[in-house]
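*Asks:* Contents of target.cif (mmCIF, C-alpha atoms) are below:
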data_run
loop_
_atom_site.label_atom_id
_atom_site.label_comp_id
_atom_site.auth_asym_id
_atom_site.auth_seq_id
_atom_site.Cartn_x
_atom_site.Cartn_y
_atom_site.Cartn_z
CA MET O 1 4.64 2.88 1.05
CA ASP O 2 4.20 -0.84 0.43
CA PHE O 3 5.22 -3.00 -2.52
CA GLN O 4 1.63 -3.52 -3.68
CA LYS O 5 1.08 0.23 -4.04
CA ILE O 6 4.36 0.59 -5.91
CA ALA O 7 3.34 -2.22 -8.27
CA ASP O 8 -0.01 -0.53 -8.90
CA LEU O 9 1.69 2.79 -9.63
CA LEU O 10 4.22 1.21 -11.97
CA GLU O 11 1.46 -0.50 -13.91
CA SER O 12 -0.12 2.90 -14.52
CA ASP O 13 3.19 4.14 -15.95
CA LEU O 14 3.92 1.50 -18.58
CA THR O 15 3.45 3.53 -21.75
CA LEU O 16 5.83 5.93 -23.46
CA GLY O 17 4.60 7.57 -26.65
CA THR O 18 3.40 4.75 -28.88
CA LEU O 19 5.26 2.14 -26.82
CA GLU O 20 3.77 0.03 -24.06
CA VAL O 21 5.24 -2.79 -22.00
CA ARG O 22 3.24 -5.73 -20.65
CA LEU O 23 3.14 -9.50 -20.50
CA ALA O 24 2.09 -11.47 -23.55
CA ASN O 25 -1.55 -12.50 -23.23
CA SER O 26 -2.00 -14.81 -26.20
CA ALA O 27 -0.22 -17.52 -28.18
CA GLU O 28 -0.02 -15.08 -31.09
CA GLU O 29 1.89 -12.54 -29.02
CA VAL O 30 4.32 -15.22 -27.84
CA LYS O 31 4.85 -16.15 -31.49
CA ASN O 32 5.54 -12.50 -32.30
CA ALA O 33 8.22 -12.47 -29.59
CA GLN O 34 9.71 -15.66 -31.02
CA GLU O 35 9.81 -14.02 -34.46
CA LEU O 36 11.69 -11.05 -33.02
CA ARG O 37 14.12 -13.38 -31.24
CA TYR O 38 14.76 -15.29 -34.47
CA ARG O 39 15.38 -12.08 -36.37
CA VAL O 40 17.88 -10.78 -33.80
CA PHE O 41 19.64 -13.99 -32.70
CA TYR O 42 19.78 -15.93 -35.95
CA LYS O 43 19.59 -13.43 -38.79
CA GLU O 44 21.52 -10.60 -37.13
CA MET O 45 23.87 -12.30 -34.65
CA GLY O 46 24.61 -15.51 -36.55
CA ALA O 47 23.14 -18.12 -34.21
CA LYS O 48 22.56 -21.59 -35.67
CA PRO O 49 18.87 -22.56 -35.85
CA THR O 50 17.55 -26.09 -35.86
CA PRO O 51 15.91 -27.14 -39.15
CA GLU O 52 12.46 -26.64 -37.60
CA MET O 53 13.38 -23.16 -36.34
CA SER O 54 14.74 -22.27 -39.75
CA ALA O 55 11.61 -23.49 -41.53
CA ARG O 56 9.31 -21.53 -39.21
CA GLU O 57 11.67 -18.57 -38.62
CA LEU O 58 10.96 -18.75 -34.90
CA ASP O 59 13.24 -19.10 -31.88
CA PHE O 60 11.57 -21.49 -29.43
CA ASP O 61 12.20 -24.21 -26.87
CA ALA O 62 10.40 -26.17 -24.15
CA PHE O 63 10.49 -23.25 -21.70
CA ASP O 64 8.43 -20.88 -23.85
CA GLU O 65 5.09 -22.55 -23.20
CA HIS O 66 5.39 -22.18 -19.43
CA CYS O 67 7.20 -18.90 -18.73
CA ASP O 68 6.08 -15.27 -18.84
CA HIS O 69 7.03 -13.16 -21.86
CA LEU O 70 7.55 -9.44 -21.19
CA LEU O 71 6.93 -7.45 -24.37
CA VAL O 72 7.57 -3.94 -25.58
CA ILE O 73 4.87 -3.19 -28.15
CA ASP O 74 4.79 -0.32 -30.63
CA ASN O 75 1.10 0.32 -31.17
CA ALA O 76 1.86 2.48 -34.22
CA ARG O 77 3.72 -0.30 -36.02
CA ALA O 78 2.13 -2.39 -38.75
CA GLY O 79 2.35 -6.17 -38.65
CA ASN O 80 4.35 -7.64 -35.76
CA LYS O 81 4.19 -4.91 -33.12
CA VAL O 82 6.59 -6.60 -30.66
CA VAL O 83 9.87 -4.65 -30.67
CA GLY O 84 11.44 -5.86 -27.41
CA THR O 85 11.17 -8.87 -25.14
CA TYR O 86 12.40 -10.63 -22.00
CA ARG O 87 11.64 -14.22 -21.06
CA LEU O 88 10.87 -14.53 -17.34
CA ILE O 89 11.09 -17.82 -15.43
CA ARG O 90 10.22 -18.00 -11.73
CA ARG O 91 11.01 -20.79 -9.29
CA PRO O 92 7.67 -22.69 -9.69
CA VAL O 93 8.11 -22.87 -13.47
CA ALA O 94 11.70 -24.11 -13.16
CA LYS O 95 10.56 -26.72 -10.67
CA LYS O 96 7.86 -27.88 -13.07
CA LEU O 97 10.35 -28.16 -15.95
CA GLY O 98 13.11 -29.67 -13.81
CA ALA O 99 15.63 -26.81 -14.01
CA PHE O 100 16.25 -23.21 -14.91
CA TYR O 101 17.49 -22.66 -18.46
CA SER O 102 20.87 -21.33 -17.26
CA ALA O 103 21.59 -24.61 -15.44
CA SER O 104 22.70 -26.00 -18.81
CA GLU O 105 25.73 -23.68 -18.60
CA TYR O 106 26.24 -22.93 -14.90
CA GLU O 107 26.11 -24.64 -11.54
CA ILE O 108 23.53 -22.53 -9.68
CA SER O 109 22.86 -24.43 -6.44
CA ALA O 110 23.86 -21.39 -4.35
CA LEU O 111 21.16 -19.30 -6.01
CA LEU O 112 18.54 -22.01 -5.54
CA GLN O 113 19.11 -21.74 -1.78
CA TYR O 114 18.43 -18.01 -1.79
CA PRO O 115 15.31 -17.13 0.24
CA GLY O 116 12.21 -15.77 -1.40
CA GLU O 117 11.16 -15.68 -5.02
CA ILE O 118 13.93 -15.78 -7.63
CA LEU O 119 13.64 -14.90 -11.29
CA GLU O 120 15.64 -15.99 -14.33
CA LEU O 121 15.91 -13.47 -17.16
CA GLY O 122 16.59 -14.73 -20.66
CA ARG O 123 16.13 -14.27 -24.39
CA SER O 124 16.42 -10.51 -24.05
CA CYS O 125 16.46 -8.63 -27.34
CA ILE O 126 15.29 -5.41 -28.98
CA ASP O 127 14.54 -4.80 -32.64
CA ALA O 128 17.41 -3.05 -34.42
CA GLY O 129 15.31 0.02 -35.13
CA TYR O 130 14.33 0.48 -31.48
CA ARG O 131 17.64 0.29 -29.61
CA THR O 132 17.16 3.62 -27.89
CA GLY O 133 17.08 4.88 -24.34
CA ALA O 134 13.29 5.14 -24.51
CA THR O 135 12.85 1.46 -25.35
CA MET O 136 15.25 0.36 -22.61
CA GLN O 137 13.55 2.69 -20.14
CA ILE O 138 10.10 1.24 -20.68
CA LEU O 139 11.42 -2.33 -20.77
CA TRP O 140 13.03 -1.80 -17.36
CA ARG O 141 9.85 -0.21 -16.04
CA GLY O 142 8.00 -3.36 -17.04
CA LEU O 143 10.63 -5.53 -15.39
CA ALA O 144 10.45 -3.44 -12.20
CA SER O 145 6.67 -3.80 -12.16
CA TYR O 146 7.03 -7.58 -12.43
CA ILE O 147 9.61 -7.59 -9.60
CA PHE O 148 7.25 -5.70 -7.30
CA ARG O 149 4.18 -7.71 -8.28
CA HIS O 150 5.87 -11.04 -7.49
CA ASN O 151 8.14 -9.80 -4.68
CA ILE O 152 11.28 -10.98 -6.49
CA THR O 153 14.36 -10.92 -4.24
CA LEU O 154 17.00 -12.08 -6.74
CA MET O 155 17.19 -12.16 -10.52
CA PHE O 156 19.79 -13.83 -12.68
CA GLY O 157 20.57 -15.20 -16.12
CA CYS O 158 23.14 -15.44 -18.87
CA ALA O 159 24.19 -12.31 -20.76
CA SER O 160 26.27 -12.40 -23.92
CA PHE O 161 29.23 -10.94 -25.71
CA PRO O 162 29.18 -11.40 -29.50
CA GLY O 163 31.37 -14.15 -30.95
CA ILE O 164 32.95 -17.30 -29.54
CA ASP O 165 36.55 -16.21 -28.98
CA PRO O 166 36.91 -14.95 -25.39
CA LYS O 167 40.24 -13.31 -26.25
CA ASP O 168 38.23 -10.76 -28.25
CA HIS O 169 36.81 -9.63 -24.91
CA ALA O 170 39.87 -10.10 -22.72
CA GLN O 171 39.72 -6.62 -21.18
CA ALA O 172 36.02 -6.72 -20.37
CA LEU O 173 35.96 -10.32 -19.07
CA SER O 174 39.00 -9.74 -16.86
CA TYR O 175 37.59 -6.50 -15.49
CA LEU O 176 34.26 -8.15 -14.68
CA TYR O 177 35.97 -11.00 -12.84
CA TYR O 178 38.28 -8.81 -10.76
CA HIS O 179 35.78 -6.10 -9.85
CA HIS O 180 32.26 -7.55 -10.11
CA LEU O 181 32.57 -11.21 -9.06
CA ALA O 182 29.54 -12.32 -7.04
CA PRO O 183 30.03 -13.13 -3.35
CA PRO O 184 30.14 -16.88 -2.65
CA ALA O 185 26.57 -16.99 -1.29
CA ILE O 186 25.13 -16.04 -4.69
CA ARG O 187 27.95 -17.09 -7.02
CA ALA O 188 27.24 -19.32 -10.00
CA LYS O 189 30.13 -21.18 -11.60
CA ALA O 190 30.40 -22.40 -15.17
CA LEU O 191 30.03 -26.17 -15.46
CA PRO O 192 33.47 -27.87 -15.51
CA GLU O 193 33.15 -29.05 -19.09
CA ARG O 194 32.17 -25.54 -20.24
CA TYR O 195 34.34 -23.39 -17.96
CA VAL O 196 36.40 -20.62 -19.60
CA ASP O 197 38.70 -18.65 -17.31
CA MET O 198 37.80 -14.94 -17.33
CA GLN O 199 41.19 -13.91 -15.91
CA LEU O 200 42.74 -13.22 -19.30
CA LEU O 201 44.65 -10.11 -18.18
CA PRO O 202 46.35 -9.43 -14.82
CA ARG O 203 44.45 -7.60 -12.09
CA GLU O 204 47.03 -4.82 -12.26
CA ALA O 205 45.79 -3.92 -15.74
CA PHE O 206 42.80 -2.10 -14.22
CA ASP O 207 42.28 0.89 -11.99
CA PRO O 208 38.92 0.04 -10.36
CA ASN O 209 38.14 3.75 -10.04
CA THR O 210 38.29 4.38 -13.78
CA ALA O 211 38.06 1.07 -15.64
CA PHE O 212 34.27 0.82 -15.71
CA ASP O 213 33.75 3.96 -17.76
CA ASN O 214 36.84 3.51 -19.91
CA ILE O 215 35.98 0.07 -21.29
CA LYS O 216 34.19 0.50 -24.59
CA MET O 217 30.53 -0.50 -24.40
CA ASP O 218 29.40 -0.30 -28.03
CA PRO O 219 29.29 -3.85 -29.50
CA ARG O 220 29.85 -2.39 -32.97
CA SER O 221 33.28 -1.11 -31.93
CA GLY O 222 34.88 -4.55 -31.92
CA GLY O 223 36.54 -6.34 -29.03
CA ASN O 224 37.14 -5.34 -25.43
CA ASN O 225 33.65 -3.96 -24.82
CA ILE O 226 30.97 -4.34 -22.21
CA PRO O 227 27.61 -4.61 -24.00
CA PRO O 228 25.05 -2.02 -22.85
CA LEU O 229 22.75 -4.61 -21.24
CA ILE O 230 25.55 -5.99 -19.04
CA LYS O 231 26.63 -2.47 -18.14
CA GLY O 232 23.03 -1.74 -17.16
CA TYR O 233 23.01 -4.70 -14.78
CA LEU O 234 26.27 -3.52 -13.22
CA ARG O 235 24.81 -0.06 -12.64
CA VAL O 236 22.05 -1.58 -10.48
CA GLY O 237 24.55 -3.59 -8.44
CA GLY O 238 24.85 -6.71 -10.56
CA TYR O 239 27.55 -9.34 -10.19
CA VAL O 240 29.05 -11.93 -12.53
CA GLY O 241 29.60 -15.62 -11.93
CA ASP O 242 32.88 -17.49 -12.05
CA GLY O 243 33.79 -18.43 -15.61
CA ALA O 244 32.51 -17.63 -19.08
CA VAL O 245 30.81 -20.15 -21.37
CA ILE O 246 31.11 -20.46 -25.14
CA ASP O 247 27.70 -20.96 -26.75
CA VAL O 248 28.50 -22.15 -30.26
CA ASP O 249 24.84 -22.43 -31.27
CA PHE O 250 24.16 -18.79 -30.40
CA ASN O 251 27.59 -17.54 -31.52
CA THR O 252 28.20 -15.88 -28.16
CA THR O 253 30.47 -15.81 -25.14
CA ASP O 254 28.21 -15.90 -22.08
CA VAL O 255 28.68 -14.59 -18.56
CA PHE O 256 26.37 -15.20 -15.63
CA ILE O 257 24.67 -12.14 -14.14
CA THR O 258 23.12 -11.97 -10.66
CA VAL O 259 21.24 -8.94 -9.32
CA LYS O 260 19.77 -8.49 -5.86
CA THR O 261 16.60 -6.56 -6.57
CA GLU O 262 16.81 -4.40 -3.45
CA LEU O 263 18.63 -1.63 -5.34
CA ILE O 264 15.98 -1.62 -8.09
CA THR O 265 13.08 -1.61 -5.62
CA ASP O 266 14.73 1.11 -3.50
CA ARG O 267 15.09 3.27 -6.60
CA TYR O 268 11.40 3.04 -7.47
CA MET O 269 10.34 3.41 -3.83
CA ARG O 270 12.25 6.70 -3.63
CA HIS O 271 10.85 7.86 -6.99
CA TYR O 272 7.23 7.29 -6.04
CA GLU O 273 7.68 8.59 -2.51
CA ARG O 274 8.89 11.87 -4.06
CA SER O 275 5.90 11.83 -6.42
CA ASN O 276 3.58 11.20 -3.49
CA LYS O 277 4.93 14.21 -1.61
CA ARG O 278 4.49 16.43 -4.68
CA GLU O 279 1.11 15.18 -5.84
CA ASN O 280 -0.49 13.41 -2.86
CA ILE O 281 -0.90 10.24 -4.92
CA LEU O 282 -0.93 7.97 -1.88
CA PRO O 283 -2.61 8.27 1.53
#
The structure given in the file should be rewritten as structure tokens.

*Replies:*
Amino acid sequence: MDFQKIADLLESDLTLGTLEVRLANSAEEVKNAQELRYRVFYKEMGAKPTPEMSARELDFDAFDEHCDHLLVIDNARAGNKVVGTYRLIRRPVAKKLGAFYSASEYEISALLQYPGEILELGRSCIDAGYRTGATMQILWRGLASYIFRHNITLMFGCASFPGIDPKDHAQALSYLYYHHLAPPAIRAKALPERYVDMQLLPREAFDPNTAFDNIKMDPRSGGNNIPPLIKGYLRVGGYVGDGAVIDVDFNTTDVFITVKTELITDRYMRHYERSNKRENILP
């Protein structure tokens, strides 16, 4: 089974009830994603908008015009139907703009040397009323389809903990550093002027066989949690970079996530190979 056939099959499986996932295909849909981002990042999470963002109630920057916007759309919803989004930036777009977005926080030269197509994930958010397994499932299906379609070998980006005091996340940050630090060949490092040491607790504080499931993952529970999105990346073999970064404007503590897509593609290859055997979908 080849990647093109997998991509075609995934694209036929991108609806779930009233939800569908696809790329934005108009300026209006990009604006709807920017409205969702503003609602989540600024109104809900306490980020600090520029005066223009505040006046328009949109989250936007110079990257938006050139990247791909992956959308989860609820076709049964009135008004703005966009309920989830990812911003996707591939190597040609970053080259055109001069850098990937995450280069403002991390030194990523090792990743730029990685062979094949690489993909930066950013501005991920889901509407408060749609933070369910179903929404995450279809969003990841859409991301997997994009990975197959463009033969992505490596994806990366910044993921966030709420708030700007890393001590609130001492357990989670320390655990990530000791047990999920990226190998040197694909390791990003926080820029010197922004570097925050993640080793806030000693290595001996964690049993690697039990710590992952014992660290609280619900952001509403307070400190020492691993947010669900970061935990999802770890489950597909993700790594973290060296150092956290405080993003005062977004009111977050950021970590760098790197994922080799081979585990994601293998998962879908196995899934559709099983389907093929059962239903003779493919020759």

*Asks:* Would you work out the distance separating CA of Lys96 (chain O) from CA of Arg22 (chain O), expressed in Å to one decimal?

*Replies:*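 Here the two named atoms are 23.9 Å from each other.
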
*Asks:* Residues picked by the PyMOL selection byres ((chain O and resi 59-74) around 6) here, as number ranges by chain?

*Replies:* O: 18-24, 34, 37-38, 58, 75-77, 81-89

*Asks:* Take the residues just selected and output them with C-alpha atoms as a short mmCIF file (atom, residue, chain, number, x, y, z; two decimals), keeping the file's coordinate frame.

*Replies:*
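Saved to result34.cif:
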data_model
loop_
_atom_site.label_atom_id
_atom_site.label_comp_id
_atom_site.auth_asym_id
_atom_site.auth_seq_id
_atom_site.Cartn_x
_atom_site.Cartn_y
_atom_site.Cartn_z
CA THR O 18 3.40 4.75 -28.88
CA LEU O 19 5.26 2.14 -26.82
CA GLU O 20 3.77 0.03 -24.06
CA VAL O 21 5.24 -2.79 -22.00
CA ARG O 22 3.24 -5.73 -20.65
CA LEU O 23 3.14 -9.50 -20.50
CA ALA O 24 2.09 -11.47 -23.55
CA GLN O 34 9.71 -15.66 -31.02
CA ARG O 37 14.12 -13.38 -31.24
CA TYR O 38 14.76 -15.29 -34.47
CA LEU O 58 10.96 -18.75 -34.90
CA ASN O 75 1.10 0.32 -31.17
CA ALA O 76 1.86 2.48 -34.22
CA ARG O 77 3.72 -0.30 -36.02
CA LYS O 81 4.19 -4.91 -33.12
CA VAL O 82 6.59 -6.60 -30.66
CA VAL O 83 9.87 -4.65 -30.67
CA GLY O 84 11.44 -5.86 -27.41
CA THR O 85 11.17 -8.87 -25.14
CA TYR O 86 12.40 -10.63 -22.00
CA ARG O 87 11.64 -14.22 -21.06
CA LEU O 88 10.87 -14.53 -17.34
CA ILE O 89 11.09 -17.82 -15.43
#

*Asks:* Let me know the residues the PyMOL selection byres ((chain O and resi 108-120) around 9) catches in the file above, as number ranges by chain.

*Replies:* O: 87-91, 100-103, 106-107, 121-122, 147, 150-158, 184-190, 258

*Asks:* Can you tell me which residues surround region 41-43 of chain O at a distance of at most 9 Å, considering all atoms listed in the file, apart from same-chain residues fewer than 2 positions away, and format the answer as a list in words?

*Replies:* Leu36, Arg37, Tyr38, Arg39, Met45, Gly46, Ala47, Lys48, Pro49, Ser54, Glu57, Asp59, Cys125, Phe250 and Asn251 of chain O

*Asks:* Could you check the closest approach to Pro228 (chain O) for each of O:Ala159, O:Ala134, O:Val196, O:Ala182 and tell me which residue wins, using all atoms listed in the file?

*Replies:*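 Checking each of O:Ala159, O:Ala134, O:Val196, O:Ala182 against Pro228 (chain O), counting all atoms listed in the file, the winner is O:Ala159.
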
*Asks:* Quick one: of O:Lys95, O:His179, O:Lys31, O:Arg131, who's nearest to Gly241 (chain O), counting only C-alpha atoms?

*Replies:*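 Using only C-alpha atoms, Gly241 (chain O) sits closest to O:His179.
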
*Asks:* Using all atoms listed in the file, what residues lie at most 9 Å away from (38.3, -11.8, -10.0) (file coordinates), given as a list in words?

*Replies:* Ser174, Tyr175, Leu176, Tyr177, Tyr178, His179, His180, Leu181, Met198, Gln199, Arg203 and Asp242 of chain O

*Asks:* Could you write out that same residue set with C-alpha atoms as a short mmCIF file (atom, residue, chain, number, x, y, z; two decimals), keeping the file's coordinate frame?

*Replies:*
data_model
loop_
_atom_site.label_atom_id
_atom_site.label_comp_id
_atom_site.auth_asym_id
_atom_site.auth_seq_id
_atom_site.Cartn_x
_atom_site.Cartn_y
_atom_site.Cartn_z
CA SER O 174 39.00 -9.74 -16.86
CA TYR O 175 37.59 -6.50 -15.49
CA LEU O 176 34.26 -8.15 -14.68
CA TYR O 177 35.97 -11.00 -12.84
CA TYR O 178 38.28 -8.81 -10.76
CA HIS O 179 35.78 -6.10 -9.85
CA HIS O 180 32.26 -7.55 -10.11
CA LEU O 181 32.57 -11.21 -9.06
CA MET O 198 37.80 -14.94 -17.33
CA GLN O 199 41.19 -13.91 -15.91
CA ARG O 203 44.45 -7.60 -12.09
CA ASP O 242 32.88 -17.49 -12.05
#

*Asks:* Please, what distance in Å, to one decimal, runs between CA of Ala244 (chain O) and CA of Tyr195 (chain O)?

*Replies:*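 Distance reported for this atom pair: 6.1 Å.
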
*Asks:* Quick one: distance from CA of Arg141 (chain O) to CA of Gly238 (chain O) in Å, one decimal?

*Replies:*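 The value is 17.2 Å.
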
*Asks:* Taking the file as I've supplied it (selection: the PyMOL selection byres ((chain O and resi 236) around 9)), which residues are included? Please answer as a compact mmCIF listing (two decimals) with C-alpha atoms, keeping the file's coordinate frame.

*Replies:*
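Saved to part_20.txt:
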# COMPACT_ATOMS: atom_id res chain seq x y z
CA LYS O 231 26.63 -2.47 -18.14
CA GLY O 232 23.03 -1.74 -17.16
CA TYR O 233 23.01 -4.70 -14.78
CA LEU O 234 26.27 -3.52 -13.22
CA ARG O 235 24.81 -0.06 -12.64
CA GLY O 237 24.55 -3.59 -8.44
CA GLY O 238 24.85 -6.71 -10.56
CA VAL O 259 21.24 -8.94 -9.32
CA LYS O 260 19.77 -8.49 -5.86
CA THR O 261 16.60 -6.56 -6.57
CA LEU O 263 18.63 -1.63 -5.34
CA ILE O 264 15.98 -1.62 -8.09

*Asks:* Taking into account only C-alpha atoms, which residue in the set O:Ser26, O:Gln171, O:Thr132, O:Ser160 is nearest to Val248 (chain O)?

*Replies:*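 With only C-alpha atoms as the atom set, the closest residue is O:Ser160.
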